[in-house]
Amino acid sequence: MPWDTEATRRRLLDAAVEEFAEHGPAGARVDRVARSAGINKERIYQYFGDKEGLFRAVLERELQRLAAAVPLTAEQAGDLGDYAGRLFDHHTDHPHFLRLLHWEGLASGGEAVAEAKRAALQHDKVAAVADAQRRGLVTAAIGAGQLLYGVMALVDWWFVAPHVVRMTVGAEGMDRATQRAAVVELARRMSAP
């Protein structure tokens, strides 16, 4: 029976997501990834080159998943509260994602994985927000990039620093649905024309 290369890569990436989210690039161990995936660790080197290559592949895959799951088109940019809610849902369902981004920032020295591709995607989102500003659907009091970043930071911070959210907005005891509603409302208010 021939070796299923794609299935093997998927299993390694799935195991690596959890390993990198938990331990970061420096603390992650390829032997734990291989053991968790049930694959010989030599396959990691064959498919990804080294641990850094595996981390880059994990991030690229997770970023592609986010882009597919939470797009921001010109039609959607008029309701940044809805975008915030969809982003909140993604982070709820994929709690490892923001940890991976933070590890990237801490470990990379300022270089981003697939930066050109990511910058192009962000540029398209900013252009969608700018279009919504021109149509009077969202505030034009600040730049489109700043507004988009503010909404993303609002959502992301809820997951990255829940203790700060709890102390600041009294989110203790709030269920996820109530937290989501608060984020959506805040995003709508901060982006209102």
# chains A, B, ... in the order shown; residues from 1 in each chain; ligands from 1

call {"tool": "select_by_dssp", "arguments": {"residues": "stretch 29-179 of chain A", "states": "alpha helix (DSSP H)", "output": "PyMOL selection string"}}
result
chain A and resi 30-37+42-48+51-69+80-93+96-107+115-134+144-160+162-169+176-179

call {"tool": "residues_around", "arguments": {"residues": "A:Arg189", "least_positions_apart": "5", "cutoff": "12 Å", "atoms": "only C-alpha atoms", "output": "mmCIF file with N, CA, C and O atoms, in the first residue's frame"}}
result
data_model
loop_
_atom_site.group_PDB
_atom_site.id
_atom_site.type_symbol
_atom_site.label_atom_id
_atom_site.label_comp_id
_atom_site.auth_asym_id
_atom_site.auth_seq_id
_atom_site.Cartn_x
_atom_site.Cartn_y
_atom_site.Cartn_z
ATOM 1 N N ASP A 79 -20.575 46.408 8.486
ATOM 2 C CA ASP A 79 -20.982 45.979 9.831
ATOM 3 C C ASP A 79 -19.783 45.321 10.508
ATOM 4 O O ASP A 79 -19.632 44.096 10.480
ATOM 5 N N LEU A 80 -18.928 46.148 11.091
ATOM 6 C CA LEU A 80 -17.731 45.614 11.739
ATOM 7 C C LEU A 80 -18.075 44.865 13.021
ATOM 8 O O LEU A 80 -17.275 44.062 13.502
ATOM 9 N N GLY A 81 -19.267 45.079 13.559
ATOM 10 C CA GLY A 81 -19.724 44.274 14.690
ATOM 11 C C GLY A 81 -19.911 42.825 14.284
ATOM 12 O O GLY A 81 -19.523 41.905 15.010
ATOM 13 N N ASP A 82 -20.483 42.616 13.104
ATOM 14 C CA ASP A 82 -20.641 41.250 12.596
ATOM 15 C C ASP A 82 -19.275 40.604 12.380
ATOM 16 O O ASP A 82 -19.067 39.439 12.740
ATOM 17 N N ALA A 84 -16.529 41.336 13.951
ATOM 18 C CA ALA A 84 -15.992 41.054 15.286
ATOM 19 C C ALA A 84 -16.613 39.774 15.849
ATOM 20 O O ALA A 84 -15.914 38.951 16.449
ATOM 21 N N VAL A 138 -19.451 53.207 8.172
ATOM 22 C CA VAL A 138 -18.640 53.162 9.393
ATOM 23 C C VAL A 138 -17.921 54.501 9.525
ATOM 24 O O VAL A 138 -17.823 55.264 8.562
ATOM 25 N N THR A 139 -17.418 54.765 10.707
ATOM 26 C CA THR A 139 -16.777 56.049 10.971
ATOM 27 C C THR A 139 -15.584 56.298 10.050
ATOM 28 O O THR A 139 -14.844 55.370 9.726
ATOM 29 N N LEU A 147 -8.998 51.626 12.198
ATOM 30 C CA LEU A 147 -10.307 51.118 12.615
ATOM 31 C C LEU A 147 -10.326 49.593 12.591
ATOM 32 O O LEU A 147 -10.762 48.951 13.560
ATOM 33 N N GLY A 150 -8.248 48.254 15.388
ATOM 34 C CA GLY A 150 -8.954 48.421 16.661
ATOM 35 C C GLY A 150 -9.978 47.335 16.902
ATOM 36 O O GLY A 150 -10.088 46.794 18.009
ATOM 37 N N VAL A 151 -10.735 46.990 15.874
ATOM 38 C CA VAL A 151 -11.738 45.931 16.008
ATOM 39 C C VAL A 151 -11.050 44.590 16.242
ATOM 40 O O VAL A 151 -11.455 43.814 17.117
ATOM 41 N N LEU A 154 -9.677 44.503 19.768
ATOM 42 C CA LEU A 154 -10.772 44.331 20.716
ATOM 43 C C LEU A 154 -11.118 42.850 20.866
ATOM 44 O O LEU A 154 -11.214 42.333 21.975
ATOM 45 N N ALA A 182 -21.152 41.357 23.900
ATOM 46 C CA ALA A 182 -20.463 42.570 24.349
ATOM 47 C C ALA A 182 -19.434 43.014 23.314
ATOM 48 O O ALA A 182 -19.329 44.212 22.999
ATOM 49 N N VAL A 183 -18.679 42.084 22.763
ATOM 50 C CA VAL A 183 -17.666 42.410 21.756
ATOM 51 C C VAL A 183 -18.326 42.977 20.504
ATOM 52 O O VAL A 183 -17.875 43.986 19.948
ATOM 53 N N VAL A 184 -19.398 42.343 20.060
ATOM 54 C CA VAL A 184 -20.109 42.821 18.864
ATOM 55 C C VAL A 184 -20.607 44.243 19.094
ATOM 56 O O VAL A 184 -20.443 45.125 18.239
#

call {"tool": "closest_residue", "arguments": {"among": "A:Arg56, A:Lys41, A:His23, A:His163", "to": "A:Val113", "atoms": "only C-alpha atoms"}}
result
A:Arg56

call {"tool": "residues_around", "arguments": {"residues": "A:Leu63", "least_positions_apart": "3", "cutoff": "10 Å", "atoms": "only C-alpha atoms", "output": "PDB file with all heavy atoms, in the first residue's frame"}}
result
ATOM      1  N   ALA A  57       4.972  26.180   8.582  1.00  0.00           N
ATOM      2  CA  ALA A  57       3.874  25.466   7.914  1.00  0.00           C
ATOM      3  C   ALA A  57       2.604  25.481   8.769  1.00  0.00           C
ATOM      4  O   ALA A  57       1.499  25.644   8.241  1.00  0.00           O
ATOM      5  CB  ALA A  57       4.295  24.030   7.604  1.00  0.00           C
ATOM      6  N   VAL A  58       2.766  25.323  10.074  1.00  0.00           N
ATOM      7  CA  VAL A  58       1.616  25.377  10.989  1.00  0.00           C
ATOM      8  C   VAL A  58       0.960  26.747  10.903  1.00  0.00           C
ATOM      9  O   VAL A  58      -0.260  26.868  10.746  1.00  0.00           O
ATOM     10  CB  VAL A  58       2.053  25.067  12.440  1.00  0.00           C
ATOM     11  CG1 VAL A  58       1.012  25.518  13.450  1.00  0.00           C
ATOM     12  CG2 VAL A  58       2.334  23.579  12.608  1.00  0.00           C
ATOM     13  N   LEU A  59       1.765  27.799  11.010  1.00  0.00           N
ATOM     14  CA  LEU A  59       1.212  29.149  10.967  1.00  0.00           C
ATOM     15  C   LEU A  59       0.536  29.438   9.630  1.00  0.00           C
ATOM     16  O   LEU A  59      -0.561  30.001   9.600  1.00  0.00           O
ATOM     17  CB  LEU A  59       2.312  30.179  11.211  1.00  0.00           C
ATOM     18  CG  LEU A  59       2.436  30.689  12.631  1.00  0.00           C
ATOM     19  CD1 LEU A  59       3.614  31.634  12.755  1.00  0.00           C
ATOM     20  CD2 LEU A  59       1.180  31.346  13.120  1.00  0.00           C
ATOM     21  N   GLU A  60       1.183  29.069   8.539  1.00  0.00           N
ATOM     22  CA  GLU A  60       0.581  29.308   7.223  1.00  0.00           C
ATOM     23  C   GLU A  60      -0.764  28.607   7.096  1.00  0.00           C
ATOM     24  O   GLU A  60      -1.734  29.197   6.614  1.00  0.00           O
ATOM     25  CB  GLU A  60       1.526  28.859   6.110  1.00  0.00           C
ATOM     26  CG  GLU A  60       2.674  29.815   5.904  1.00  0.00           C
ATOM     27  CD  GLU A  60       3.495  29.498   4.681  1.00  0.00           C
ATOM     28  OE1 GLU A  60       2.904  29.295   3.605  1.00  0.00           O
ATOM     29  OE2 GLU A  60       4.736  29.450   4.818  1.00  0.00           O
ATOM     30  N   LEU A  66      -8.060  30.796   8.936  1.00  0.00           N
ATOM     31  CA  LEU A  66      -8.708  32.014   9.421  1.00  0.00           C
ATOM     32  C   LEU A  66      -9.229  32.847   8.258  1.00  0.00           C
ATOM     33  O   LEU A  66     -10.370  33.321   8.286  1.00  0.00           O
ATOM     34  CB  LEU A  66      -7.748  32.845  10.267  1.00  0.00           C
ATOM     35  CG  LEU A  66      -8.267  34.228  10.680  1.00  0.00           C
ATOM     36  CD1 LEU A  66      -9.465  34.108  11.617  1.00  0.00           C
ATOM     37  CD2 LEU A  66      -7.167  35.040  11.312  1.00  0.00           C
ATOM     38  N   ALA A  67      -8.406  33.044   7.237  1.00  0.00           N
ATOM     39  CA  ALA A  67      -8.815  33.849   6.080  1.00  0.00           C
ATOM     40  C   ALA A  67     -10.058  33.265   5.407  1.00  0.00           C
ATOM     41  O   ALA A  67     -10.955  34.010   5.002  1.00  0.00           O
ATOM     42  CB  ALA A  67      -7.666  33.955   5.076  1.00  0.00           C
ATOM     43  N   ALA A  68     -10.127  31.950   5.322  1.00  0.00           N
ATOM     44  CA  ALA A  68     -11.296  31.308   4.707  1.00  0.00           C
ATOM     45  C   ALA A  68     -12.523  31.384   5.606  1.00  0.00           C
ATOM     46  O   ALA A  68     -13.640  31.575   5.130  1.00  0.00           O
ATOM     47  CB  ALA A  68     -10.971  29.852   4.380  1.00  0.00           C
ATOM     48  N   ALA A  69     -12.316  31.268   6.902  1.00  0.00           N
ATOM     49  CA  ALA A  69     -13.442  31.220   7.834  1.00  0.00           C
ATOM     50  C   ALA A  69     -14.009  32.596   8.161  1.00  0.00           C
ATOM     51  O   ALA A  69     -15.204  32.720   8.450  1.00  0.00           O
ATOM     52  CB  ALA A  69     -13.011  30.527   9.128  1.00  0.00           C
ATOM     53  N   PHE A  97      -4.993  29.542  18.014  1.00  0.00           N
ATOM     54  CA  PHE A  97      -4.571  30.460  16.958  1.00  0.00           C
ATOM     55  C   PHE A  97      -3.837  31.689  17.498  1.00  0.00           C
ATOM     56  O   PHE A  97      -2.740  32.020  17.046  1.00  0.00           O
ATOM     57  CB  PHE A  97      -5.768  30.894  16.102  1.00  0.00           C
ATOM     58  CG  PHE A  97      -5.380  31.849  15.021  1.00  0.00           C
ATOM     59  CD1 PHE A  97      -4.735  31.399  13.882  1.00  0.00           C
ATOM     60  CD2 PHE A  97      -5.616  33.205  15.153  1.00  0.00           C
ATOM     61  CE1 PHE A  97      -4.336  32.287  12.899  1.00  0.00           C
ATOM     62  CE2 PHE A  97      -5.219  34.098  14.174  1.00  0.00           C
ATOM     63  CZ  PHE A  97      -4.586  33.641  13.041  1.00  0.00           C
ATOM     64  N   LEU A 101       0.121  33.105  17.118  1.00  0.00           N
ATOM     65  CA  LEU A 101       0.512  34.435  16.667  1.00  0.00           C
ATOM     66  C   LEU A 101       1.413  35.136  17.677  1.00  0.00           C
ATOM     67  O   LEU A 101       2.385  35.800  17.304  1.00  0.00           O
ATOM     68  CB  LEU A 101      -0.716  35.305  16.406  1.00  0.00           C
ATOM     69  CG  LEU A 101      -1.456  35.092  15.106  1.00  0.00           C
ATOM     70  CD1 LEU A 101      -2.542  36.153  14.945  1.00  0.00           C
ATOM     71  CD2 LEU A 101      -0.535  35.111  13.908  1.00  0.00           C
ATOM     72  N   VAL A 113       5.749  35.141   9.263  1.00  0.00           N
ATOM     73  CA  VAL A 113       5.595  34.034   8.317  1.00  0.00           C
ATOM     74  C   VAL A 113       4.671  34.494   7.197  1.00  0.00           C
ATOM     75  O   VAL A 113       3.632  35.099   7.460  1.00  0.00           O
ATOM     76  CB  VAL A 113       5.006  32.796   9.033  1.00  0.00           C
ATOM     77  CG1 VAL A 113       4.610  31.724   8.041  1.00  0.00           C
ATOM     78  CG2 VAL A 113       6.000  32.259  10.056  1.00  0.00           C
ATOM     79  N   ALA A 114       5.055  34.233   5.977  1.00  0.00           N
ATOM     80  CA  ALA A 114       4.249  34.569   4.794  1.00  0.00           C
ATOM     81  C   ALA A 114       3.803  36.033   4.825  1.00  0.00           C
ATOM     82  O   ALA A 114       2.661  36.361   4.537  1.00  0.00           O
ATOM     83  CB  ALA A 114       3.058  33.625   4.676  1.00  0.00           C
ATOM     84  N   ARG A 118       0.190  37.796   3.804  1.00  0.00           N
ATOM     85  CA  ARG A 118      -0.634  38.327   4.890  1.00  0.00           C
ATOM     86  C   ARG A 118      -0.877  39.817   4.709  1.00  0.00           C
ATOM     87  O   ARG A 118      -1.975  40.316   4.953  1.00  0.00           O
ATOM     88  CB  ARG A 118       0.041  38.054   6.231  1.00  0.00           C
ATOM     89  CG  ARG A 118      -0.003  36.596   6.608  1.00  0.00           C
ATOM     90  CD  ARG A 118       0.984  36.246   7.681  1.00  0.00           C
ATOM     91  NE  ARG A 118       0.616  36.712   9.007  1.00  0.00           N
ATOM     92  CZ  ARG A 118       1.351  36.467  10.089  1.00  0.00           C
ATOM     93  NH1 ARG A 118       2.460  35.747   9.993  1.00  0.00           N
ATOM     94  NH2 ARG A 118       0.969  36.911  11.262  1.00  0.00           N
TER      95      ARG A 118
END

call {"tool": "atom_distance", "arguments": {"atom1": "atom CA of A:Leu148", "atom2": "atom CA of A:Arg166"}}
result
23.5 Å

call {"tool": "closest_residue", "arguments": {"among": "A:Arg10, A:His102, A:Arg29, A:Arg65", "to": "A:Leu87", "atoms": "only C-alpha atoms"}}
result
A:Arg65

call {"tool": "atom_distance", "arguments": {"atom1": "atom CA of A:Asp89", "atom2": "atom CA of A:Val164"}}
result
19.8 Å

call {"tool": "atom_distance", "arguments": {"atom1": "atom CA of A:His90", "atom2": "atom CA of A:Val70"}}
result
7.5 Å

call {"tool": "closest_residue", "arguments": {"among": "A:Ala37, A:Ala127, A:Leu98, A:Ala119", "to": "A:Glu75", "atoms": "only C-alpha atoms"}}
result
A:Ala127

call {"tool": "residues_around", "arguments": {"residues": "A:Ala16", "least_positions_apart": "6", "cutoff": "12 Å", "atoms": "only C-alpha atoms", "output": "MDAnalysis selection string"}}
result
chainID A and resid 9:10 22:25 27:39 41 44 48 51:59 61:62 96 100

call {"tool": "closest_residue", "arguments": {"among": "A:Glu42, A:Asp4, A:Glu18, A:Asp175", "to": "A:Pro95", "atoms": "only C-alpha atoms"}}
result
A:Glu18

call {"tool": "closest_residue", "arguments": {"among": "A:Ala141, A:Leu13, A:Ala120, A:Val160", "to": "A:Trp103", "atoms": "only C-alpha atoms"}}
result
A:Val160

call {"tool": "closest_residue", "arguments": {"among": "A:Gly145, A:Phe159, A:Ala112, A:Leu186", "to": "A:Gln133", "atoms": "only C-alpha atoms"}}
result
A:Gly145

call {"tool": "residues_around", "arguments": {"residues": "A:Ala144", "least_positions_apart": "5", "cutoff": "7 Å", "atoms": "only C-alpha atoms", "output": "list in words"}}
result
Val126, Val129 and Ala130 of chain A

call {"tool": "decode", "arguments": {"residues": "stretch 131-148 of chain A", "atoms": "N, CA and C atoms", "output": "tab-separated table (two decimals), in the first residue's frame"}}
result
chain	number	residue	atom	x	y	z
A	131	ASP	N	-13.81	51.53	1.81
A	131	ASP	CA	-15.01	51.63	0.97
A	131	ASP	C	-16.26	51.84	1.83
A	132	ALA	N	-16.35	51.13	2.94
A	132	ALA	CA	-17.49	51.31	3.85
A	132	ALA	C	-17.47	52.71	4.45
A	133	GLN	N	-16.28	53.26	4.69
A	133	GLN	CA	-16.19	54.64	5.17
A	133	GLN	C	-16.71	55.61	4.12
A	134	ARG	N	-16.30	55.43	2.88
A	134	ARG	CA	-16.75	56.32	1.80
A	134	ARG	C	-18.26	56.27	1.64
A	135	ARG	N	-18.85	55.09	1.89
A	135	ARG	CA	-20.30	54.94	1.77
A	135	ARG	C	-21.04	55.40	3.03
A	136	GLY	N	-20.29	55.85	4.04
A	136	GLY	CA	-20.91	56.35	5.26
A	136	GLY	C	-21.43	55.27	6.19
A	137	LEU	N	-20.96	54.04	6.02
A	137	LEU	CA	-21.46	52.93	6.83
A	137	LEU	C	-20.71	52.77	8.14
A	138	VAL	N	-19.45	53.21	8.17
A	138	VAL	CA	-18.64	53.16	9.39
A	138	VAL	C	-17.92	54.50	9.53
A	139	THR	N	-17.42	54.76	10.71
A	139	THR	CA	-16.78	56.05	10.97
A	139	THR	C	-15.58	56.30	10.05
A	140	ALA	N	-15.44	57.57	9.68
A	140	ALA	CA	-14.27	57.99	8.92
A	140	ALA	C	-13.39	58.89	9.79
A	141	ALA	N	-13.67	58.91	11.10
A	141	ALA	CA	-12.93	59.77	12.02
A	141	ALA	C	-11.48	59.31	12.20
A	142	ILE	N	-11.22	58.03	11.93
A	142	ILE	CA	-9.86	57.50	11.95
A	142	ILE	C	-9.63	56.73	10.66
A	143	GLY	N	-8.39	56.45	10.36
A	143	GLY	CA	-8.08	55.73	9.13
A	143	GLY	C	-8.66	54.33	9.12
A	144	ALA	N	-8.89	53.82	7.93
A	144	ALA	CA	-9.48	52.49	7.77
A	144	ALA	C	-8.62	51.41	8.42
A	145	GLY	N	-7.31	51.51	8.27
A	145	GLY	CA	-6.42	50.53	8.88
A	145	GLY	C	-6.47	50.58	10.40
A	146	GLN	N	-6.51	51.78	10.94
A	146	GLN	CA	-6.60	51.93	12.39
A	146	GLN	C	-7.92	51.37	12.91
A	147	LEU	N	-9.00	51.63	12.20
A	147	LEU	CA	-10.31	51.12	12.62
A	147	LEU	C	-10.33	49.59	12.59
A	148	LEU	N	-9.85	49.01	11.51
A	148	LEU	CA	-9.81	47.55	11.42
A	148	LEU	C	-8.93	46.97	12.52
